[in-house]
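This report concerns only the one structure given below.
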Amino acid sequence: MARPSKNAPIDYNDTHDLTHGLLERATCPPDLPFVLVRDADKKGLRLRVTKAGGKAWQFETRVKGKLFTRALGEWPAVIIETARIEAHRLRGLTQTGTDPREVEAAQRAKKAETDAAQRAAQTYTLAGLLDAYCDYLKSLGRVSHGAARSIFNVHVIGPWPEVASMPANQVTGEQIADMMRKTIEAGKDRTANKLRAYMRSAYQTAKAARSKPSIPVSFKAFNITTNPVADTEPDESANRADKNPLSAAELRAYWEVIKPVQSIAGAVLRLHLLTGGQRIEQLCNLLTVNVTPDSITLMDGKGRPGRGARPHTVPLIDAATTAMQEINPMGLYAISLNGGISRLGERTISDWACTAAAEAGIVDFQAKRIRSGVETLLAAARVSTDTRGRLQSHGISGVQARHYDGHDYMNEKREALETLFNLLESVSAKVIQIRAA
């Protein structure tokens, strides 16, 4: 069959062997909105030519009795060969009864699912969970958020970047045990147990978010269904109680050193001892609004995961009131070196105590020995276990104590502190002799 002349008019009712020249010559008559140049080689492929001169590829057929039309791009940007390849693919699908739109929708859904999973893997990591947990502790007013964040940064994020960047729900108990092992090998047994406790609580918080509405919904996104830290074991040797309290003689020697010191250091150390050796961290966080002429109220968050800190009110005996007046609370924080703008640090108070203890001749001193020393001294003076526990905020156990006993025990705590003061002031270091006197 002879090839049509290059100048021959195009019959838009017929199919054609599409060439570049043919498509270039195709024009739309002025009395029509558009015409279609149909391909003889690929059924359903045509070029739509508009009155304005636009030329665009289309593929059209029927799938399951319904019309299917697909735009394939502008000509000449999309050449004939490319349009035919795509038309061939679409016809292959439609001839099997498959709607390309359904296939593409499934592909888009799968891609969206894959992209979401990738974003989740990059966002809901172990590092992200630990950071969210620290923020949650801070929102609850738990002062431990700082210690937790520091331990996570030093013993997880820094030395284990690959594990920290893993999705939190894919981290294993073995990997967490390896973190603890490395911490123990660095000579930080107790820190390893703290790391385990904080991580276990972080995972438990995220896990509980699925059923506990008081936990922020953002934790659900980590998709934690099991707690891998529960598969690890703590170092029991590091959890043994340090039964090395200051003796009565050592406490009195310590008191004799700090009693005459006329400085903020002396006042803070006297307040700490005369309030029963309260936890230094909680004392540092004392707010000025929680100081009255005869008491201070500390916020005790110890042992209360997922709950706000519990107010712990401690009476001030006369000597403690004098120490508090020397400290001169103002601004936000009661114990401060800059007018209450920021609080005094625990390390500063511990260092002051160590200096005083060295002057008193106390060997192997640690600030925590003051607290246990006060407990031991009051026990020897026959102050009841319940009163000592309430004075030092060891926690309240039992249904009756937690829910029914509304007594504030301020008189009992004040009497215990008066006993402590008298024991410190006594010439004899032997508690029994003091009591007899």
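Here's how to read the names in the structure tokens: chain A, B, ... by the order shown, residue numbers from 1 in each chain, ligand numbers from 1 in the order shown.
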
Would you pick out the contacts of segment 322-324 of chain A at 8 Å or less, using only C-alpha atoms, so that residues sharing its chain but fewer than 6 positions from it are not included, and give the list as a ChimeraX atom specification?
/A:267-268,270-271

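Within segment 173-414 of chain A, the backbone-based DSSP assignment of strand (DSSP E) covers Val291, Thr292, Ser295, Ile296, Thr297, Leu298, Met299, Asp300, Arg310, Pro311, His312, Thr313, Val314 and Pro315 of chain A.
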
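Shortest atom-to-atom contact with Arg252 of chain A among A:Leu273, A:Ala206, A:Pro329, A:Arg149: A:Leu273, counting only C-alpha atoms.
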
Near Ala77 of chain A, counting only C-alpha atoms, which residues have an atom at most 10 Å away, once you skip same-chain residues fewer than 4 positions from it, shown as a ChimeraX atom specification?
/A:56,73,82

Output N, CA, C and O atoms for every residue in that selection, as a compact mmCIF listing (two decimals), in the first residue's frame.
# COMPACT_ATOMS: atom_id res chain seq x y z
N ALA A 56 -2.06 15.95 23.01
CA ALA A 56 -1.80 15.13 24.19
C ALA A 56 -2.22 13.70 23.93
O ALA A 56 -3.25 13.43 23.29
N GLY A 73 0.46 12.10 28.64
CA GLY A 73 1.45 13.17 28.50
C GLY A 73 1.33 13.91 27.19
O GLY A 73 0.63 13.51 26.25
N THR A 82 7.36 5.85 23.35
CA THR A 82 7.06 5.84 24.79
C THR A 82 5.57 5.69 25.04
O THR A 82 5.13 4.93 25.91

Spatial neighbours of Pro315 of chain A, max dist 6 Å, only C-alpha atoms, sep filter under 6 positions, as a PyMOL selection string
chain A and resi 294-295+414

Expected file contents, prior selection, N, CA and C atoms, as a CSV table (one decimal), in the first residue's frame:
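See result-v4.csv below for the written result:
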chain,number,residue,atom,x,y,z
A,294,ASP,N,7.8,27.8,110.9
A,294,ASP,CA,8.0,26.6,111.7
A,294,ASP,C,8.0,25.3,110.9
A,295,SER,N,8.1,25.3,109.6
A,295,SER,CA,8.2,24.1,108.8
A,295,SER,C,8.7,24.4,107.4
A,414,ARG,N,8.4,16.6,115.3
A,414,ARG,CA,9.1,17.7,116.0
A,414,ARG,C,9.8,17.1,117.3

Measuring atom to atom with only C-alpha atoms, identify which of A:Asp386, A:Asp39, A:Glu425, A:Asp178 is nearest to Trp160 of chain A.
A:Asp178

Residues of segment 221-388 of chain A in alpha helix (DSSP H) according to DSSP, as a compact mmCIF listing (two decimals) with C-alpha atoms, in the first residue's frame?
# COMPACT_ATOMS: atom_id res chain seq x y z
CA ALA A 248 26.74 9.01 117.56
CA ALA A 249 30.25 10.27 118.25
CA GLU A 250 30.85 11.09 114.59
CA LEU A 251 27.52 12.90 114.29
CA ARG A 252 28.32 14.97 117.35
CA ALA A 253 31.83 15.75 116.06
CA TYR A 254 30.34 16.79 112.73
CA TRP A 255 27.78 18.97 114.55
CA GLU A 256 30.52 20.63 116.64
CA VAL A 257 32.31 21.63 113.40
CA ILE A 258 29.30 23.07 111.53
CA ILE A 264 25.65 30.09 103.93
CA ALA A 265 27.56 26.77 103.97
CA GLY A 266 27.26 26.43 107.72
CA ALA A 267 23.58 27.39 107.71
CA VAL A 268 22.71 24.89 104.97
CA LEU A 269 24.61 22.05 106.66
CA ARG A 270 22.92 22.80 110.00
CA LEU A 271 19.49 22.90 108.32
CA HIS A 272 20.19 19.57 106.62
CA LEU A 273 21.22 17.83 109.84
CA LEU A 274 18.57 19.40 112.09
CA ILE A 280 19.90 16.53 99.63
CA GLU A 281 18.34 16.62 96.17
CA GLN A 282 14.91 17.35 97.64
CA LEU A 283 16.36 19.98 99.96
CA CYS A 284 18.00 21.71 96.99
CA ASP A 318 14.36 26.57 116.97
CA ALA A 319 17.92 25.88 115.85
CA ALA A 320 16.71 24.88 112.37
CA THR A 321 14.58 28.04 112.14
CA THR A 322 17.67 30.10 112.97
CA ALA A 323 19.60 28.30 110.19
CA MET A 324 16.80 28.99 107.72
CA GLN A 325 16.81 32.67 108.67
CA GLU A 326 20.56 32.79 107.99
CA ILE A 327 19.92 31.26 104.56
CA GLU A 346 23.63 18.76 95.47
CA ARG A 347 27.34 18.45 94.74
CA THR A 348 28.03 21.79 96.44
CA ILE A 349 26.28 20.74 99.64
CA SER A 350 28.00 17.34 99.57
CA ASP A 351 31.39 19.03 99.13
CA TRP A 352 30.68 21.36 102.06
CA ALA A 353 29.71 18.36 104.19
CA CYS A 354 32.89 16.48 103.17
CA THR A 355 35.03 19.44 104.18
CA ALA A 356 33.33 19.64 107.58
CA ALA A 357 33.61 15.87 108.07
CA ALA A 358 37.34 15.97 107.30
CA GLU A 359 37.79 18.68 109.92
CA LYS A 368 24.46 9.86 102.73
CA ARG A 369 25.98 8.60 105.99
CA ILE A 370 24.44 11.61 107.75
CA ARG A 371 20.94 10.43 106.86
CA SER A 372 21.56 6.85 107.98
CA GLY A 373 23.39 8.11 111.04
CA VAL A 374 20.38 10.18 112.12
CA GLU A 375 18.11 7.17 111.58
CA THR A 376 20.38 4.96 113.69
CA LEU A 377 20.79 7.55 116.42
CA LEU A 378 17.03 8.05 116.74
CA ALA A 379 16.46 4.28 116.70
CA ALA A 380 18.87 3.91 119.60
CA THR A 385 10.09 3.12 113.32
CA ASP A 386 6.90 4.79 112.09
CA THR A 387 7.97 8.23 113.30
CA ARG A 388 11.47 7.84 111.84

Grab the atom CA of Arg62 of chain A to atom CA of Asp31 of chain A distance for me, in Å with one decimal place.
28.9 Å
